[in-house]
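Just below is one structure, and these are the notes that go with it.
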Amino acid sequence: MIEILNAAEAAKARVTGRLVADILQAMKKRATVGTNLLDIDRWTGDMIRDAGAASCYIDYEPSFGRGPFGHYICTGVNDAVLHGLPHDYHLQDGDLLSLDLAVSKDGIAADSAISFLVGDARPAESVKLIDTTERALAAGIAAARPGARIGDLSHAIGTVLGDAGYPVNTEFGGHGIGSTMHQDPHIPNTGRPGRGYVLTPGLMLALEPWVMADTDQLTFDADGWTLRSSTGARSAHSEHTIIITDDGAEILTLPTEQ
């Protein structure tokens with residue numbers, strides 16, 4: 001299913017997107033050395049309820065997971081890059097933490113992810129991983145405009161990731177979003193320009209470049225959800241929800257305070 005939002009739905013999407021971004025920034029501030037991942041999950045749930053919104057994850061049960069997910073936010077530490085199931089772990093100095101959050105409010109969903117380092121340590125490779133996914137995300141957004149094709153976005157993202165020396169996994173990537181969290185079209189993190197679905201105003205997309213330092217192969221944790229790099233290498237993940245406008249792309253998942 002591919003949805004094209006009208007003006008009223010786009011206005012709702014802006015509210016949902018800002019809520020997602022604000023929650024992620026609040027959790028980033030709280031994610032200090034010693035913080036437990038289960039506390040981050042609990043705080044996220046509290047903020048979602050206080051906003052009169054609904055979690056897209058609690059009842060999420062796709063074919064690739066051992067569902068339902070049962071938590072409010074994905075928490076990936078170091079080599080855990082996607083769908084990190086919150087568990088009893090206290091963050092340590094230098095941990096690379098990825099937080100991925102999708103929320104629905106007034107019938108419209110938004111999805112975003114951030115990666116950052118906990119504490120004071122700044123391992124050079126981790127800094128590079130985070131910076132690369134953020135630059136790839138910016139490149140994908142810059143390529144998003146009416147008349148462009150999905151392959152143009154994928155190519156822009158993949159060029160940044162590949163130029164940085166990272167292998168790219170295409171099994172999981174960006175996606176359409178609207179009244180539900182995951183919709184068509186699928187947006188691989190590398191691809192050929194000029195191919196795929198044509199972007200039109202009102203189309204909402206979640207772009208999400210992610211990489212692992214030295215592999216494109218994933219392994220599942222025993223929890224049935226958490227995806228890790230097969231080599232144990234660190235990973236990073238950045239994501240924004242955007243909507244195509246007459247002039248280009250509007251980022252919906254920017255926080256109130258920037």
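Letters for chains follow the order of the structure tokens (A, B, ...), residue numbers begin at 1 for each chain, and ligand numbers begin at 1 in the order shown.
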Contact residues around Phe69 in chain A with only C-alpha atoms at 7 Å, ignoring same-chain residues under 3 positions, as a VMD selection string: chain A and resid 57 to 61
Write out, as a short mmCIF file (atom, residue, chain, number, x, y, z; two decimals), in the first residue's frame, the residues just selected, with N, CA, C and O atoms.
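Heads up, here's the output in selection_31.cif:
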```cif
data_model
loop_
_atom_site.label_atom_id
_atom_site.label_comp_id
_atom_site.auth_asym_id
_atom_site.auth_seq_id
_atom_site.Cartn_x
_atom_site.Cartn_y
_atom_site.Cartn_z
N TYR A 57 5.11 -0.07 18.22
CA TYR A 57 5.95 -1.24 18.45
C TYR A 57 5.35 -2.29 19.38
O TYR A 57 5.63 -3.48 19.23
N ILE A 58 4.57 -1.87 20.36
CA ILE A 58 4.10 -2.80 21.39
C ILE A 58 3.48 -4.06 20.78
O ILE A 58 3.80 -5.18 21.15
N ASP A 59 2.60 -3.88 19.83
CA ASP A 59 1.89 -5.02 19.22
C ASP A 59 2.47 -5.41 17.87
O ASP A 59 1.88 -6.24 17.16
N TYR A 60 3.62 -4.87 17.53
CA TYR A 60 4.21 -5.12 16.21
C TYR A 60 4.68 -6.57 16.12
O TYR A 60 5.45 -7.05 16.95
N GLU A 61 4.22 -7.27 15.08
CA GLU A 61 4.51 -8.70 14.95
C GLU A 61 4.72 -9.06 13.48
O GLU A 61 3.90 -9.76 12.87
#
```
Per residue of range 61-142 of chain A within 6 Å of range 175-197 of chain A, what are the shortest atom pair and its distance in Å to one decimal, counting only C-alpha atoms, with rows by chain and residue number, as CSV?
```
residue,atom,partner,partner_atom,distance
A:Gly107,CA,A:Ser179,CA,5.6
A:Ile108,CA,A:Ser179,CA,4.6
A:Ala109,CA,A:Gly178,CA,5.6
```
Atoms to include: N, CA and C atoms. Write the selected residues as a PDB file, in the first residue's frame.
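Okay, this is what ended up in part.pdb:
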```pdb
ATOM      1  N   GLY A 107      -4.009   9.109  14.026  1.00  0.00           N
ATOM      2  CA  GLY A 107      -4.109   8.304  12.828  1.00  0.00           C
ATOM      3  C   GLY A 107      -2.944   8.382  11.873  1.00  0.00           C
ATOM      4  N   ILE A 108      -1.870   9.111  12.228  1.00  0.00           N
ATOM      5  CA  ILE A 108      -0.701   9.237  11.359  1.00  0.00           C
ATOM      6  C   ILE A 108       0.556   8.864  12.139  1.00  0.00           C
ATOM      7  N   ALA A 109       1.402   8.031  11.540  1.00  0.00           N
ATOM      8  CA  ALA A 109       2.621   7.558  12.189  1.00  0.00           C
ATOM      9  C   ALA A 109       3.836   8.352  11.723  1.00  0.00           C
TER      10      ALA A 109
END
```
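When only C-alpha atoms are used to compute distances to Gly147 in chain A, the closest of the residues A:Thr231, A:Asn169, A:Thr245, A:Asn36 turns out to be A:Thr245.
If only C-alpha atoms are the atoms counted, then among A:Leu207, A:Val103, A:Val33, A:Ala110 the closest residue to Phe172 in chain A is A:Leu207.
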field: range 126-129 of chain A surroundings by only C-alpha atoms, 8 Å radius, close-in-sequence under 3 positions cut, as a PyMOL selection string
entry: chain A and resi 96+117+122-123+132-133+211-213+234-236
message: List the spatial neighbours of Ala10 in chain A as a ChimeraX atom specification - criterion: any atom at most 9 Å away, only C-alpha atoms, same-chain residues fewer than 5 positions off excluded.
response: /A:5,15,108,202,204,243
message: Env of Gly140 in chain A: 7 Å cut, atoms = only C-alpha atoms, seq-sep filter 5 positions within chain, self excluded. Answer as a list in words.
response: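 So, after excluding close chain neighbours, the residues are Leu153, Ser154, Ala156 and Ile157 of chain A.
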Selection export as a PDB file, in the first residue's frame, atoms kept: N, CA, C and O atoms:
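out.pdb, written as the output of this step:
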```pdb
ATOM      1  N   LEU A 153      17.070   8.171  -4.513  1.00  0.00           N
ATOM      2  CA  LEU A 153      17.330   8.279  -3.073  1.00  0.00           C
ATOM      3  C   LEU A 153      18.304   7.190  -2.627  1.00  0.00           C
ATOM      4  O   LEU A 153      19.258   7.461  -1.891  1.00  0.00           O
ATOM      5  N   SER A 154      18.048   5.969  -3.076  1.00  0.00           N
ATOM      6  CA  SER A 154      18.913   4.849  -2.704  1.00  0.00           C
ATOM      7  C   SER A 154      20.341   5.080  -3.192  1.00  0.00           C
ATOM      8  O   SER A 154      21.311   4.802  -2.465  1.00  0.00           O
ATOM      9  N   ALA A 156      21.826   7.957  -3.784  1.00  0.00           N
ATOM     10  CA  ALA A 156      22.450   9.031  -3.004  1.00  0.00           C
ATOM     11  C   ALA A 156      22.927   8.514  -1.646  1.00  0.00           C
ATOM     12  O   ALA A 156      24.043   8.825  -1.205  1.00  0.00           O
ATOM     13  N   ILE A 157      22.103   7.727  -0.988  1.00  0.00           N
ATOM     14  CA  ILE A 157      22.463   7.152   0.308  1.00  0.00           C
ATOM     15  C   ILE A 157      23.642   6.199   0.148  1.00  0.00           C
ATOM     16  O   ILE A 157      24.637   6.272   0.884  1.00  0.00           O
TER      17      ILE A 157
END
```
- request: Have a look at A:Gly65, A:Asp79, A:Leu99, A:Gln25 and name the one nearest to Ser230 in chain A; count only C-alpha atoms.
  value: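 Ranking A:Gly65, A:Asp79, A:Leu99, A:Gln25 by distance to Ser230 in chain A, first place goes to A:Asp79.
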- prompt: Nearest to Leu38 in chain A: which of A:Leu85, A:Ala54, A:Ile114, A:Ala138 is it, counting only C-alpha atoms?
  reply: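 Distance minimum relative to Leu38 in chain A lands on A:Leu85.
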- request: Can you check which residues of range 14-107 of chain A DSSP gives as strand (DSSP E or B) on the backbone and send them as a list in words?
  value: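 Written out, the strand (DSSP E or B) residues of range 14-107 of chain A are Asn36, Ala54, Ser55, Cys74, Thr75, Gly76, Val77, Ala80, Val81, Leu82, His90, Leu96, Leu97, Ser98, Leu99, Asp100, Leu101, Ala102, Val103, Ser104 and Lys105 of chain A.
Residues within 12 Å of Gly45 in chain A, counting only C-alpha atoms and excluding same-chain residues fewer than 6 positions away, are Val20, Ile23, Leu24, Met27, Leu38, Asp39, Ala51, Gly52, Ala53, Ala54, Ser55, Cys56, Tyr57, Ile58, Gly70, His71, Tyr72, Ile73, Cys74, Leu101, Ala102 and Val103 of chain A.
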Residue neighbourhood range 248-255 of chain A, 7 Å, only C-alpha atoms, exclusion window fewer than 2 positions, as an MDAnalysis selection string: chainID A and resid 14 17:18 20:22 112 141 144:146 240:246 257:258
For the residues in that selection, give me N, CA and C atoms as a short mmCIF file (atom, residue, chain, number, x, y, z; two decimals), in the first residue's frame.
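Output saved as out_34.cif:
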```cif
data_model
loop_
_atom_site.label_atom_id
_atom_site.label_comp_id
_atom_site.auth_asym_id
_atom_site.auth_seq_id
_atom_site.Cartn_x
_atom_site.Cartn_y
_atom_site.Cartn_z
N ARG A 14 3.07 16.35 10.87
CA ARG A 14 4.06 17.26 11.47
C ARG A 14 4.02 17.17 12.99
N GLY A 17 5.54 13.72 13.93
CA GLY A 17 6.97 13.72 13.71
C GLY A 17 7.73 14.48 14.77
N ARG A 18 7.21 15.63 15.16
CA ARG A 18 7.87 16.42 16.21
C ARG A 18 7.84 15.68 17.54
N VAL A 20 7.87 12.38 17.99
CA VAL A 20 8.89 11.34 17.91
C VAL A 20 10.28 11.93 18.15
N ALA A 21 10.56 13.04 17.49
CA ALA A 21 11.88 13.67 17.64
C ALA A 21 12.12 14.15 19.06
N ASP A 22 11.10 14.72 19.68
CA ASP A 22 11.26 15.23 21.04
C ASP A 22 11.49 14.10 22.03
N SER A 112 11.69 7.54 13.42
CA SER A 112 13.01 8.18 13.39
C SER A 112 13.98 7.38 14.24
N ILE A 141 17.75 12.70 1.63
CA ILE A 141 16.71 13.73 1.73
C ILE A 141 16.88 14.77 0.63
N ALA A 144 15.33 13.82 -2.61
CA ALA A 144 13.88 13.57 -2.59
C ALA A 144 13.14 14.82 -3.06
N ARG A 145 12.47 14.70 -4.20
CA ARG A 145 11.71 15.81 -4.77
C ARG A 145 10.69 15.23 -5.75
N PRO A 146 9.65 15.97 -6.08
CA PRO A 146 8.67 15.45 -7.05
C PRO A 146 9.34 15.09 -8.37
N HIS A 240 15.04 9.63 9.40
CA HIS A 240 14.06 10.71 9.46
C HIS A 240 12.82 10.30 8.66
N THR A 241 11.67 10.79 9.08
CA THR A 241 10.47 10.73 8.26
C THR A 241 10.35 12.05 7.52
N ILE A 242 10.11 11.96 6.21
CA ILE A 242 9.96 13.16 5.38
C ILE A 242 8.64 13.08 4.63
N ILE A 243 8.20 14.22 4.14
CA ILE A 243 7.06 14.26 3.24
C ILE A 243 7.46 15.03 1.99
N ILE A 244 7.10 14.52 0.84
CA ILE A 244 7.42 15.18 -0.42
C ILE A 244 6.49 16.37 -0.59
N THR A 245 7.07 17.53 -0.91
CA THR A 245 6.31 18.75 -1.16
C THR A 245 6.52 19.19 -2.61
N ASP A 246 5.87 20.26 -3.00
CA ASP A 246 6.04 20.77 -4.36
C ASP A 246 7.48 21.20 -4.61
N GLU A 257 13.19 21.80 19.97
CA GLU A 257 14.39 22.59 20.26
C GLU A 257 15.54 22.03 19.46
N GLN A 258 16.15 22.84 18.61
CA GLN A 258 17.25 22.38 17.77
C GLN A 258 18.53 23.16 18.07
#
```
field: Nearest to Leu199 in chain A by atom-to-atom distance, counting only C-alpha atoms, from A:Ala148, A:Leu97, A:Ala164, A:Ala222
entry: A:Ala148
Distance criterion (only C-alpha atoms): nearest to Phe220 in chain A out of A:Arg49, A:His83, A:Arg135, A:His237: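 Of the candidates, the smallest distance to Phe220 in chain A is held by A:His83.
For range 76-155 of chain A, backbone-based DSSP labels the following residues as alpha helix (DSSP H): Ala124, Glu125, Ser126, Val127, Lys128, Leu129, Ile130, Asp131, Thr132, Thr133, Glu134, Arg135, Ala136, Leu137, Ala138, Ala139, Gly140, Ile141, Ala142, Ile150, Gly151, Asp152, Leu153, Ser154 and His155 of chain A.
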